[in-house]
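Enquirer: Structure file protein28.txt (compact mmCIF, N, CA and C atoms) is given on the next line.
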```txt
# COMPACT_ATOMS: atom_id res chain seq x y z
N MET A 1 -8.80 89.39 37.31
CA MET A 1 -8.06 89.05 36.14
C MET A 1 -8.87 88.20 35.19
N SER A 2 -9.68 87.40 35.73
CA SER A 2 -10.47 86.52 34.91
C SER A 2 -11.47 87.31 34.07
N SER A 3 -12.01 88.39 34.67
CA SER A 3 -12.96 89.20 33.91
C SER A 3 -12.26 89.93 32.77
N ARG A 4 -10.99 90.35 33.02
CA ARG A 4 -10.23 91.05 31.99
C ARG A 4 -9.87 90.10 30.84
N ALA A 5 -9.47 88.85 31.17
CA ALA A 5 -9.11 87.86 30.16
C ALA A 5 -10.31 87.50 29.31
N SER A 6 -11.48 87.39 29.94
CA SER A 6 -12.67 87.03 29.18
C SER A 6 -13.07 88.16 28.23
N LYS A 7 -12.85 89.43 28.62
CA LYS A 7 -13.18 90.56 27.76
C LYS A 7 -12.26 90.56 26.52
N THR A 8 -10.96 90.28 26.72
CA THR A 8 -10.02 90.29 25.60
C THR A 8 -10.34 89.16 24.63
N SER A 9 -10.63 88.00 25.15
CA SER A 9 -10.92 86.87 24.26
C SER A 9 -12.23 87.12 23.51
N ALA A 10 -13.20 87.75 24.19
CA ALA A 10 -14.46 88.06 23.53
C ALA A 10 -14.25 89.09 22.44
N SER A 11 -13.41 90.09 22.71
CA SER A 11 -13.17 91.11 21.68
C SER A 11 -12.38 90.54 20.51
N MET A 12 -11.45 89.61 20.78
CA MET A 12 -10.68 88.97 19.70
C MET A 12 -11.59 88.09 18.86
N ALA A 13 -12.47 87.39 19.56
CA ALA A 13 -13.40 86.52 18.84
C ALA A 13 -14.31 87.36 17.95
N GLY A 14 -14.73 88.51 18.46
CA GLY A 14 -15.58 89.39 17.67
C GLY A 14 -14.85 89.91 16.45
N THR A 15 -13.58 90.23 16.61
CA THR A 15 -12.78 90.72 15.50
C THR A 15 -12.63 89.64 14.43
N PHE A 16 -12.36 88.41 14.87
CA PHE A 16 -12.20 87.29 13.94
C PHE A 16 -13.49 87.06 13.16
N THR A 17 -14.61 87.08 13.89
CA THR A 17 -15.90 86.86 13.27
C THR A 17 -16.21 87.96 12.27
N ALA A 18 -15.88 89.18 12.60
CA ALA A 18 -16.13 90.30 11.70
C ALA A 18 -15.29 90.16 10.44
N LYS A 19 -14.03 89.73 10.59
CA LYS A 19 -13.17 89.53 9.42
C LYS A 19 -13.71 88.41 8.54
N TYR A 20 -14.14 87.33 9.18
CA TYR A 20 -14.65 86.18 8.45
C TYR A 20 -15.89 86.56 7.66
N VAL A 21 -16.78 87.30 8.29
CA VAL A 21 -18.02 87.70 7.65
C VAL A 21 -17.74 88.62 6.47
N SER A 22 -16.82 89.56 6.66
CA SER A 22 -16.53 90.50 5.58
C SER A 22 -15.79 89.81 4.44
N LYS A 23 -14.97 88.82 4.75
CA LYS A 23 -14.17 88.17 3.72
C LYS A 23 -14.98 87.14 2.92
N PHE A 24 -15.74 86.31 3.62
CA PHE A 24 -16.42 85.21 2.96
C PHE A 24 -17.92 85.42 2.80
N GLY A 25 -18.44 86.46 3.35
CA GLY A 25 -19.86 86.75 3.21
C GLY A 25 -20.69 85.87 4.13
N GLY A 26 -21.95 86.17 4.26
CA GLY A 26 -22.84 85.36 5.08
C GLY A 26 -22.83 85.83 6.52
N SER A 27 -23.58 85.18 7.32
CA SER A 27 -23.66 85.58 8.72
C SER A 27 -22.56 84.90 9.52
N ALA A 28 -22.25 85.50 10.67
CA ALA A 28 -21.18 84.97 11.51
C ALA A 28 -21.63 83.71 12.22
N ARG A 29 -22.92 83.63 12.50
CA ARG A 29 -23.41 82.46 13.24
C ARG A 29 -24.19 81.56 12.29
N ARG A 30 -23.52 80.53 11.86
CA ARG A 30 -24.16 79.56 10.98
C ARG A 30 -24.38 78.28 11.75
N SER A 31 -25.49 77.67 11.50
CA SER A 31 -25.70 76.36 12.12
C SER A 31 -25.26 75.30 11.12
N VAL A 32 -24.57 74.31 11.59
CA VAL A 32 -24.06 73.25 10.72
C VAL A 32 -25.14 72.19 10.60
N VAL A 33 -25.52 71.89 9.36
CA VAL A 33 -26.53 70.87 9.11
C VAL A 33 -25.82 69.60 8.69
N MET A 34 -25.99 68.54 9.44
CA MET A 34 -25.34 67.26 9.15
C MET A 34 -26.24 66.46 8.21
N PRO A 35 -25.66 65.72 7.28
CA PRO A 35 -26.48 64.86 6.42
C PRO A 35 -27.04 63.70 7.23
N PRO A 36 -28.11 63.09 6.76
CA PRO A 36 -28.66 61.96 7.51
C PRO A 36 -27.68 60.79 7.55
N LYS A 37 -27.73 60.00 8.59
CA LYS A 37 -26.80 58.88 8.75
C LYS A 37 -27.14 57.78 7.75
N LYS A 38 -26.08 57.17 7.23
CA LYS A 38 -26.26 56.07 6.29
C LYS A 38 -26.46 54.78 7.07
N PRO A 39 -27.25 53.88 6.53
CA PRO A 39 -27.44 52.61 7.24
C PRO A 39 -26.12 51.82 7.29
N ILE A 40 -25.92 51.09 8.33
CA ILE A 40 -24.68 50.32 8.52
C ILE A 40 -24.73 49.10 7.60
N LYS A 41 -23.62 48.90 6.84
CA LYS A 41 -23.55 47.80 5.88
C LYS A 41 -22.82 46.61 6.49
N SER A 42 -23.16 45.43 5.99
CA SER A 42 -22.45 44.23 6.44
C SER A 42 -21.14 44.12 5.67
N LYS A 43 -20.30 43.15 6.04
CA LYS A 43 -19.01 42.97 5.37
C LYS A 43 -19.19 42.60 3.90
N ASP A 44 -20.19 41.78 3.62
CA ASP A 44 -20.44 41.38 2.23
C ASP A 44 -20.84 42.58 1.38
N GLN A 45 -21.69 43.42 1.92
CA GLN A 45 -22.13 44.60 1.18
C GLN A 45 -20.98 45.56 0.94
N LYS A 46 -20.09 45.72 1.96
CA LYS A 46 -18.93 46.60 1.80
C LYS A 46 -17.99 46.06 0.74
N ALA A 47 -17.75 44.75 0.73
CA ALA A 47 -16.86 44.13 -0.26
C ALA A 47 -17.42 44.29 -1.67
N LYS A 48 -18.74 44.14 -1.78
CA LYS A 48 -19.38 44.29 -3.08
C LYS A 48 -19.26 45.73 -3.60
N ALA A 49 -19.45 46.68 -2.69
CA ALA A 49 -19.35 48.09 -3.06
C ALA A 49 -17.92 48.45 -3.44
N ALA A 50 -16.94 47.88 -2.77
CA ALA A 50 -15.54 48.18 -3.05
C ALA A 50 -15.10 47.58 -4.38
N SER A 51 -15.69 46.46 -4.78
CA SER A 51 -15.26 45.80 -6.01
C SER A 51 -15.82 46.48 -7.26
N GLY A 52 -16.67 47.43 -7.13
CA GLY A 52 -17.16 48.16 -8.29
C GLY A 52 -18.66 48.09 -8.43
N GLY A 53 -19.26 47.05 -7.95
CA GLY A 53 -20.71 46.97 -7.97
C GLY A 53 -21.30 46.70 -9.33
N GLY A 54 -20.48 46.50 -10.37
CA GLY A 54 -20.99 46.18 -11.69
C GLY A 54 -21.52 47.37 -12.45
N LYS A 55 -21.35 48.59 -11.97
CA LYS A 55 -21.86 49.76 -12.67
C LYS A 55 -20.95 50.13 -13.83
N ALA A 56 -19.63 50.14 -13.57
CA ALA A 56 -18.68 50.57 -14.60
C ALA A 56 -18.38 49.42 -15.53
N LYS A 57 -18.40 49.70 -16.85
CA LYS A 57 -18.08 48.66 -17.83
C LYS A 57 -16.58 48.62 -18.05
N LYS A 58 -16.08 47.44 -18.36
CA LYS A 58 -14.65 47.28 -18.61
C LYS A 58 -14.31 47.97 -19.93
N LYS A 59 -13.17 48.65 -19.97
CA LYS A 59 -12.77 49.40 -21.15
C LYS A 59 -12.31 48.44 -22.24
N LYS A 60 -12.81 48.68 -23.44
CA LYS A 60 -12.39 47.87 -24.58
C LYS A 60 -11.35 48.66 -25.35
N TRP A 61 -10.18 48.08 -25.51
CA TRP A 61 -9.07 48.80 -26.12
C TRP A 61 -9.15 48.84 -27.63
N SER A 62 -9.54 47.76 -28.24
CA SER A 62 -9.47 47.70 -29.69
C SER A 62 -10.85 47.43 -30.28
N LYS A 63 -11.28 48.31 -31.16
CA LYS A 63 -12.53 48.09 -31.87
C LYS A 63 -12.26 47.80 -33.34
N VAL A 64 -10.99 47.59 -33.68
CA VAL A 64 -10.61 47.32 -35.06
C VAL A 64 -10.85 45.84 -35.35
N LYS A 65 -11.45 45.58 -36.48
CA LYS A 65 -11.70 44.19 -36.85
C LYS A 65 -10.39 43.52 -37.24
N ALA A 66 -10.26 42.27 -36.87
CA ALA A 66 -9.04 41.52 -37.19
C ALA A 66 -9.03 41.19 -38.68
N ARG A 67 -7.88 41.38 -39.30
CA ARG A 67 -7.74 41.07 -40.73
C ARG A 67 -7.66 39.57 -40.93
N ASP A 68 -8.27 39.09 -42.00
CA ASP A 68 -8.17 37.68 -42.32
C ASP A 68 -6.75 37.36 -42.77
N LYS A 69 -6.29 36.19 -42.36
CA LYS A 69 -4.93 35.78 -42.72
C LYS A 69 -4.92 35.37 -44.18
N LEU A 70 -3.95 35.90 -44.93
CA LEU A 70 -3.83 35.53 -46.33
C LEU A 70 -3.29 34.12 -46.43
N ASN A 71 -3.92 33.34 -47.29
CA ASN A 71 -3.48 31.96 -47.48
C ASN A 71 -2.96 31.83 -48.91
N ASN A 72 -1.85 32.50 -49.19
CA ASN A 72 -1.31 32.53 -50.54
C ASN A 72 -0.45 31.30 -50.82
N LEU A 73 -0.40 30.95 -52.10
CA LEU A 73 0.36 29.76 -52.52
C LEU A 73 1.86 29.99 -52.36
N VAL A 74 2.56 28.92 -51.98
CA VAL A 74 4.01 28.98 -51.84
C VAL A 74 4.66 28.49 -53.13
N LEU A 75 4.02 27.55 -53.79
CA LEU A 75 4.49 27.02 -55.07
C LEU A 75 3.37 27.15 -56.09
N PHE A 76 3.75 27.18 -57.37
CA PHE A 76 2.74 27.29 -58.42
C PHE A 76 2.04 25.96 -58.62
N ASP A 77 0.75 26.03 -58.88
CA ASP A 77 0.06 24.87 -59.42
C ASP A 77 -0.13 25.14 -60.91
N LYS A 78 -0.59 24.15 -61.65
CA LYS A 78 -0.65 24.27 -63.11
C LYS A 78 -1.55 25.43 -63.56
N ALA A 79 -2.69 25.62 -62.94
CA ALA A 79 -3.63 26.67 -63.35
C ALA A 79 -3.04 28.06 -63.11
N THR A 80 -2.38 28.25 -61.97
CA THR A 80 -1.81 29.55 -61.65
C THR A 80 -0.62 29.86 -62.57
N TYR A 81 0.16 28.83 -62.89
CA TYR A 81 1.33 29.03 -63.76
C TYR A 81 0.89 29.43 -65.16
N ASP A 82 -0.18 28.79 -65.66
CA ASP A 82 -0.71 29.15 -66.97
C ASP A 82 -1.27 30.57 -66.97
N LYS A 83 -1.93 30.94 -65.86
CA LYS A 83 -2.49 32.28 -65.72
C LYS A 83 -1.37 33.33 -65.71
N LEU A 84 -0.25 32.99 -65.08
CA LEU A 84 0.90 33.89 -65.03
C LEU A 84 1.37 34.23 -66.44
N TYR A 85 1.54 33.21 -67.29
CA TYR A 85 2.05 33.44 -68.65
C TYR A 85 1.01 34.06 -69.57
N LYS A 86 -0.26 33.86 -69.25
CA LYS A 86 -1.32 34.38 -70.12
C LYS A 86 -1.66 35.83 -69.79
N GLU A 87 -1.83 36.16 -68.50
CA GLU A 87 -2.36 37.47 -68.11
C GLU A 87 -1.30 38.51 -67.75
N ILE A 88 -0.28 38.12 -67.03
CA ILE A 88 0.68 39.09 -66.49
C ILE A 88 1.38 39.90 -67.58
N PRO A 89 1.83 39.32 -68.69
CA PRO A 89 2.50 40.14 -69.71
C PRO A 89 1.61 41.20 -70.35
N SER A 90 0.30 41.13 -70.15
CA SER A 90 -0.59 42.13 -70.75
C SER A 90 -0.86 43.31 -69.82
N TYR A 91 -0.43 43.22 -68.56
CA TYR A 91 -0.63 44.34 -67.63
C TYR A 91 0.28 45.50 -68.00
N LYS A 92 -0.21 46.73 -67.76
CA LYS A 92 0.59 47.92 -68.03
C LYS A 92 1.63 48.14 -66.93
N LEU A 93 1.22 47.96 -65.66
CA LEU A 93 2.12 48.10 -64.51
C LEU A 93 2.22 46.74 -63.83
N ILE A 94 3.44 46.24 -63.74
CA ILE A 94 3.64 44.92 -63.14
C ILE A 94 4.64 45.06 -62.00
N THR A 95 4.21 44.72 -60.80
CA THR A 95 5.08 44.67 -59.63
C THR A 95 4.82 43.36 -58.90
N PRO A 96 5.75 42.92 -58.07
CA PRO A 96 5.50 41.70 -57.29
C PRO A 96 4.23 41.79 -56.44
N SER A 97 3.93 42.99 -55.95
CA SER A 97 2.72 43.17 -55.12
C SER A 97 1.45 42.93 -55.94
N VAL A 98 1.41 43.46 -57.15
CA VAL A 98 0.24 43.30 -58.01
C VAL A 98 0.05 41.83 -58.38
N VAL A 99 1.14 41.17 -58.74
CA VAL A 99 1.08 39.76 -59.12
C VAL A 99 0.64 38.91 -57.94
N SER A 100 1.18 39.20 -56.77
CA SER A 100 0.83 38.45 -55.57
C SER A 100 -0.65 38.58 -55.23
N GLU A 101 -1.16 39.79 -55.36
CA GLU A 101 -2.56 40.03 -55.02
C GLU A 101 -3.51 39.37 -56.02
N ARG A 102 -3.19 39.45 -57.30
CA ARG A 102 -4.11 38.92 -58.32
C ARG A 102 -4.05 37.41 -58.46
N LEU A 103 -2.86 36.82 -58.30
CA LEU A 103 -2.74 35.37 -58.45
C LEU A 103 -2.79 34.62 -57.12
N LYS A 104 -2.86 35.36 -56.01
CA LYS A 104 -2.89 34.77 -54.67
C LYS A 104 -1.66 33.90 -54.41
N ILE A 105 -0.50 34.48 -54.72
CA ILE A 105 0.78 33.80 -54.45
C ILE A 105 1.61 34.68 -53.53
N ARG A 106 2.63 34.12 -52.94
CA ARG A 106 3.50 34.88 -52.04
C ARG A 106 4.36 35.85 -52.84
N ILE A 107 4.82 36.90 -52.19
CA ILE A 107 5.65 37.93 -52.84
C ILE A 107 6.95 37.33 -53.36
N SER A 108 7.57 36.48 -52.56
CA SER A 108 8.84 35.88 -52.97
C SER A 108 8.66 35.05 -54.25
N LEU A 109 7.55 34.34 -54.36
CA LEU A 109 7.26 33.55 -55.56
C LEU A 109 6.98 34.48 -56.74
N ALA A 110 6.30 35.58 -56.49
CA ALA A 110 6.00 36.56 -57.55
C ALA A 110 7.29 37.18 -58.09
N LYS A 111 8.23 37.49 -57.19
CA LYS A 111 9.51 38.06 -57.63
C LYS A 111 10.25 37.12 -58.57
N ARG A 112 10.31 35.84 -58.18
CA ARG A 112 11.00 34.84 -59.03
C ARG A 112 10.28 34.67 -60.37
N ALA A 113 8.97 34.68 -60.35
CA ALA A 113 8.19 34.52 -61.59
C ALA A 113 8.43 35.69 -62.53
N LEU A 114 8.50 36.91 -61.97
CA LEU A 114 8.73 38.09 -62.81
C LEU A 114 10.14 38.09 -63.40
N GLN A 115 11.10 37.59 -62.65
CA GLN A 115 12.47 37.46 -63.18
C GLN A 115 12.48 36.50 -64.36
N GLU A 116 11.72 35.42 -64.23
CA GLU A 116 11.64 34.43 -65.31
C GLU A 116 10.99 35.03 -66.56
N LEU A 117 9.91 35.79 -66.35
CA LEU A 117 9.23 36.43 -67.48
C LEU A 117 10.13 37.45 -68.16
N GLN A 118 10.95 38.14 -67.37
CA GLN A 118 11.86 39.13 -67.95
C GLN A 118 12.95 38.45 -68.77
N GLN A 119 13.48 37.34 -68.28
CA GLN A 119 14.52 36.61 -69.02
C GLN A 119 14.00 36.08 -70.34
N LYS A 120 12.72 35.73 -70.39
CA LYS A 120 12.12 35.22 -71.63
C LYS A 120 11.69 36.36 -72.56
N GLY A 121 11.78 37.61 -72.09
CA GLY A 121 11.47 38.76 -72.92
C GLY A 121 9.99 39.12 -72.98
N LEU A 122 9.19 38.59 -72.07
CA LEU A 122 7.75 38.90 -72.10
C LEU A 122 7.44 40.22 -71.41
N ILE A 123 8.28 40.64 -70.47
CA ILE A 123 8.13 41.93 -69.78
C ILE A 123 9.49 42.60 -69.72
N LYS A 124 9.49 43.93 -69.45
CA LYS A 124 10.78 44.63 -69.34
C LYS A 124 10.81 45.49 -68.07
N VAL A 125 12.01 45.75 -67.57
CA VAL A 125 12.19 46.50 -66.33
C VAL A 125 12.08 47.99 -66.62
N ILE A 126 11.33 48.69 -65.76
CA ILE A 126 11.26 50.15 -65.83
C ILE A 126 12.21 50.73 -64.81
N ASP A 127 12.08 50.26 -63.56
CA ASP A 127 12.91 50.78 -62.48
C ASP A 127 13.23 49.64 -61.53
N LYS A 128 14.51 49.59 -61.15
CA LYS A 128 14.94 48.53 -60.22
C LYS A 128 15.46 49.18 -58.95
N HIS A 129 14.85 48.80 -57.84
CA HIS A 129 15.23 49.30 -56.53
C HIS A 129 15.43 48.08 -55.65
N HIS A 130 16.18 48.22 -54.56
CA HIS A 130 16.45 47.03 -53.75
C HIS A 130 15.17 46.48 -53.10
N ALA A 131 14.16 47.32 -52.92
CA ALA A 131 12.94 46.86 -52.26
C ALA A 131 11.85 46.48 -53.26
N GLN A 132 11.78 47.16 -54.39
CA GLN A 132 10.68 46.93 -55.33
C GLN A 132 11.19 47.09 -56.75
N VAL A 133 10.77 46.17 -57.62
CA VAL A 133 11.11 46.26 -59.04
C VAL A 133 9.81 46.51 -59.80
N ILE A 134 9.86 47.46 -60.73
CA ILE A 134 8.68 47.80 -61.52
C ILE A 134 8.91 47.37 -62.96
N TYR A 135 7.95 46.60 -63.48
CA TYR A 135 8.03 46.10 -64.85
C TYR A 135 6.85 46.66 -65.63
N THR A 136 6.95 46.53 -66.97
CA THR A 136 5.82 46.81 -67.87
C THR A 136 5.84 45.78 -68.99
N ARG A 137 4.79 45.77 -69.76
CA ARG A 137 4.72 44.80 -70.85
C ARG A 137 5.74 45.13 -71.93
N ALA A 138 6.24 44.13 -72.55
CA ALA A 138 7.22 44.32 -73.62
C ALA A 138 6.48 44.71 -74.89
N THR A 139 6.91 45.81 -75.51
CA THR A 139 6.27 46.27 -76.74
C THR A 139 6.92 45.61 -77.93
N LYS A 140 6.24 45.64 -79.06
CA LYS A 140 6.76 44.99 -80.27
C LYS A 140 7.99 45.72 -80.82
N ALA A 141 8.09 47.03 -80.56
CA ALA A 141 9.21 47.81 -81.07
C ALA A 141 10.53 47.42 -80.38
N SER A 142 10.46 46.96 -79.11
CA SER A 142 11.71 46.65 -78.41
C SER A 142 12.15 45.25 -78.54
```
For this file, write the structure as structure tokens.
Expert:
Amino acid sequence: MSSRASKTSASMAGTFTAKYVSKFGGSARRSVVMPPKKPIKSKDQKAKAASGGGKAKKKKWSKVKARDKLNNLVLFDKATYDKLYKEIPSYKLITPSVVSERLKIRISLAKRALQELQQKGLIKVIDKHHAQVIYTRATKAS
């Protein structure tokens, strides 16, 4: 019985090998080549290797330059107030944003200043919206 069992297992093994060779190519008898053994590391070396080893650089999320903080005036000084009455009525397009940028004052202060100029008749309203008011210079005809 033992001779019969060994023949069946040998024939099955041959069939498996033949299928493997036909399916994956190459020879049925391959020798496995092991890579060379790595030297044994100490605990300190293992910890260093696990922590990253300093090869990978830390990711930088933002490369955008930080904007300088605007230091605009909250109240008028004499020079800025004179500039308001001298220059602003000559602009073709007058908005709180334009006034704020050119005179270096806050938007809220620019809005109040433009209301004052409008009441005195130096500028007139073109369009009024809840977020932005657009003015222009007052012409001699009006």
Enquirer: Suppose you want the space between atom N of Ala49 in chain A and atom C of Val32 in chain A; what is it in Å?
Expert: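 Going from atom N of Ala49 in chain A over to atom C of Val32 in chain A covers 29.3 Å.
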Enquirer: Find the spatial neighbours of Arg106 in chain A, counting all atoms listed in the file, within a cut-off of 6.5 Å - ignore same-chain residues fewer than 4 positions away - and output them as a PDB file with N, CA and C atoms, in the frame of the given file.
Expert:
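So selection.pdb came out as:
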```
ATOM      1  N   ASN A  72      -1.850  32.500 -49.190  1.00  0.00           N
ATOM      2  CA  ASN A  72      -1.310  32.530 -50.540  1.00  0.00           C
ATOM      3  C   ASN A  72      -0.450  31.300 -50.820  1.00  0.00           C
ATOM      4  N   LEU A  73      -0.400  30.950 -52.100  1.00  0.00           N
ATOM      5  CA  LEU A  73       0.360  29.760 -52.520  1.00  0.00           C
ATOM      6  C   LEU A  73       1.860  29.990 -52.360  1.00  0.00           C
ATOM      7  N   VAL A  74       2.560  28.920 -51.980  1.00  0.00           N
ATOM      8  CA  VAL A  74       4.010  28.980 -51.840  1.00  0.00           C
ATOM      9  C   VAL A  74       4.660  28.490 -53.130  1.00  0.00           C
ATOM     10  N   SER A 100       1.180  39.200 -56.770  1.00  0.00           N
ATOM     11  CA  SER A 100       0.830  38.450 -55.570  1.00  0.00           C
ATOM     12  C   SER A 100      -0.650  38.580 -55.230  1.00  0.00           C
ATOM     13  N   ALA A 110       6.300  35.580 -56.490  1.00  0.00           N
ATOM     14  CA  ALA A 110       6.000  36.560 -57.550  1.00  0.00           C
ATOM     15  C   ALA A 110       7.290  37.180 -58.090  1.00  0.00           C
ATOM     16  N   LYS A 111       8.230  37.490 -57.190  1.00  0.00           N
ATOM     17  CA  LYS A 111       9.510  38.060 -57.630  1.00  0.00           C
ATOM     18  C   LYS A 111      10.250  37.120 -58.570  1.00  0.00           C
TER      19      LYS A 111
END
```
Enquirer: Counting all atoms listed in the file, figure out which residue out of A:Ala131, A:Val99, A:Leu109, A:Leu93 gets nearest to Leu75 in chain A.
Expert: A:Leu109
Enquirer: Which of these residues is nearest to Pro89 in chain A, using only C-alpha atoms: A:Val33, A:Trp61, A:Ala47, A:Glu116?
Expert: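 Using only C-alpha atoms, the shortest distance to Pro89 in chain A belongs to A:Glu116.
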Enquirer: Which residue gives the smallest distance to Asn71 in chain A among A:Lys104, A:Arg112, A:Lys37, A:Lys128, with only N, CA and C atoms counted?
Expert: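 Checking each of A:Lys104, A:Arg112, A:Lys37, A:Lys128 against Asn71 in chain A, counting only N, CA and C atoms, the winner is A:Lys104.
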Enquirer: Contacts of Ile88 in chain A at 10 Å or less, counting only C-alpha atoms, minus same-chain residues fewer than 6 places along, as a PDB file with N, CA and C atoms, in the frame of the given file?
Expert:
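Writing the result to part29.pdb gives the following:
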```pdb
ATOM      1  N   ILE A  94       3.440  46.240 -63.740  1.00  0.00           N
ATOM      2  CA  ILE A  94       3.640  44.920 -63.140  1.00  0.00           C
ATOM      3  C   ILE A  94       4.640  45.060 -62.000  1.00  0.00           C
ATOM      4  N   THR A  95       4.210  44.720 -60.800  1.00  0.00           N
ATOM      5  CA  THR A  95       5.080  44.670 -59.630  1.00  0.00           C
ATOM      6  C   THR A  95       4.820  43.360 -58.900  1.00  0.00           C
ATOM      7  N   VAL A  98       1.410  43.460 -57.150  1.00  0.00           N
ATOM      8  CA  VAL A  98       0.240  43.300 -58.010  1.00  0.00           C
ATOM      9  C   VAL A  98       0.050  41.830 -58.380  1.00  0.00           C
ATOM     10  N   VAL A  99       1.140  41.170 -58.740  1.00  0.00           N
ATOM     11  CA  VAL A  99       1.080  39.760 -59.120  1.00  0.00           C
ATOM     12  C   VAL A  99       0.640  38.910 -57.940  1.00  0.00           C
ATOM     13  N   ARG A 102      -3.190  39.450 -57.300  1.00  0.00           N
ATOM     14  CA  ARG A 102      -4.110  38.920 -58.320  1.00  0.00           C
ATOM     15  C   ARG A 102      -4.050  37.410 -58.460  1.00  0.00           C
ATOM     16  N   LEU A 103      -2.860  36.820 -58.300  1.00  0.00           N
ATOM     17  CA  LEU A 103      -2.740  35.370 -58.450  1.00  0.00           C
ATOM     18  C   LEU A 103      -2.790  34.620 -57.120  1.00  0.00           C
ATOM     19  N   LEU A 114       8.500  36.910 -61.970  1.00  0.00           N
ATOM     20  CA  LEU A 114       8.730  38.090 -62.810  1.00  0.00           C
ATOM     21  C   LEU A 114      10.140  38.090 -63.400  1.00  0.00           C
ATOM     22  N   LEU A 117       9.910  35.790 -66.350  1.00  0.00           N
ATOM     23  CA  LEU A 117       9.230  36.430 -67.480  1.00  0.00           C
ATOM     24  C   LEU A 117      10.130  37.450 -68.160  1.00  0.00           C
ATOM     25  N   LEU A 122       9.190  38.590 -72.070  1.00  0.00           N
ATOM     26  CA  LEU A 122       7.750  38.900 -72.100  1.00  0.00           C
ATOM     27  C   LEU A 122       7.440  40.220 -71.410  1.00  0.00           C
ATOM     28  N   ILE A 123       8.280  40.640 -70.470  1.00  0.00           N
ATOM     29  CA  ILE A 123       8.130  41.930 -69.780  1.00  0.00           C
ATOM     30  C   ILE A 123       9.490  42.600 -69.720  1.00  0.00           C
ATOM     31  N   THR A 136       6.950  46.530 -66.970  1.00  0.00           N
ATOM     32  CA  THR A 136       5.820  46.810 -67.870  1.00  0.00           C
ATOM     33  C   THR A 136       5.840  45.780 -68.990  1.00  0.00           C
ATOM     34  N   ARG A 137       4.790  45.770 -69.760  1.00  0.00           N
ATOM     35  CA  ARG A 137       4.720  44.800 -70.850  1.00  0.00           C
ATOM     36  C   ARG A 137       5.740  45.130 -71.930  1.00  0.00           C
TER      37      ARG A 137
END
```
Enquirer: Between CA of Ala79 in chain A and CA of Ile105 in chain A, what is the distance in Å, rounded to a tenth?
Expert: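 About the pair CA of Ala79 in chain A and CA of Ile105 in chain A: they are 12.2 Å apart.
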Enquirer: Which of these, A:Lys83, A:Lys140, A:Lys92, A:His129, has the shortest distance to Ala113 in chain A once you count only C-alpha atoms?
Expert: A:Lys83
Enquirer: Interatomic distance between CA of Tyr81 in chain A and atom C of Ala66 in chain A?
Expert: 29.7 Å
Enquirer: Restore N, CA, C and O atoms in range 64-74 of chain A and list the result as a CSV table (one decimal), keeping the file's coordinate frame.
Expert:
```
chain,number,residue,atom,x,y,z
A,64,VAL,N,-11.0,47.6,-33.7
A,64,VAL,CA,-10.6,47.3,-35.1
A,64,VAL,C,-10.8,45.8,-35.4
A,64,VAL,O,-10.5,45.0,-34.6
A,65,LYS,N,-11.4,45.6,-36.5
A,65,LYS,CA,-11.7,44.2,-36.8
A,65,LYS,C,-10.4,43.5,-37.2
A,65,LYS,O,-9.5,44.1,-37.9
A,66,ALA,N,-10.3,42.3,-36.9
A,66,ALA,CA,-9.0,41.5,-37.2
A,66,ALA,C,-9.0,41.2,-38.7
A,66,ALA,O,-10.1,40.8,-39.3
A,67,ARG,N,-7.9,41.4,-39.3
A,67,ARG,CA,-7.7,41.1,-40.7
A,67,ARG,C,-7.7,39.6,-40.9
A,67,ARG,O,-7.0,38.9,-40.1
A,68,ASP,N,-8.3,39.1,-42.0
A,68,ASP,CA,-8.2,37.7,-42.3
A,68,ASP,C,-6.8,37.4,-42.8
A,68,ASP,O,-6.1,38.1,-43.5
A,69,LYS,N,-6.3,36.2,-42.4
A,69,LYS,CA,-4.9,35.8,-42.7
A,69,LYS,C,-4.9,35.4,-44.2
A,69,LYS,O,-5.8,34.6,-44.6
A,70,LEU,N,-4.0,35.9,-44.9
A,70,LEU,CA,-3.8,35.5,-46.3
A,70,LEU,C,-3.3,34.1,-46.4
A,70,LEU,O,-2.3,33.8,-45.7
A,71,ASN,N,-3.9,33.3,-47.3
A,71,ASN,CA,-3.5,32.0,-47.5
A,71,ASN,C,-3.0,31.8,-48.9
A,71,ASN,O,-3.6,31.2,-49.7
A,72,ASN,N,-1.8,32.5,-49.2
A,72,ASN,CA,-1.3,32.5,-50.5
A,72,ASN,C,-0.4,31.3,-50.8
A,72,ASN,O,0.1,30.7,-49.9
A,73,LEU,N,-0.4,31.0,-52.1
A,73,LEU,CA,0.4,29.8,-52.5
A,73,LEU,C,1.9,30.0,-52.4
A,73,LEU,O,2.4,31.1,-52.6
A,74,VAL,N,2.6,28.9,-52.0
A,74,VAL,CA,4.0,29.0,-51.8
A,74,VAL,C,4.7,28.5,-53.1
A,74,VAL,O,5.7,29.0,-53.5
```
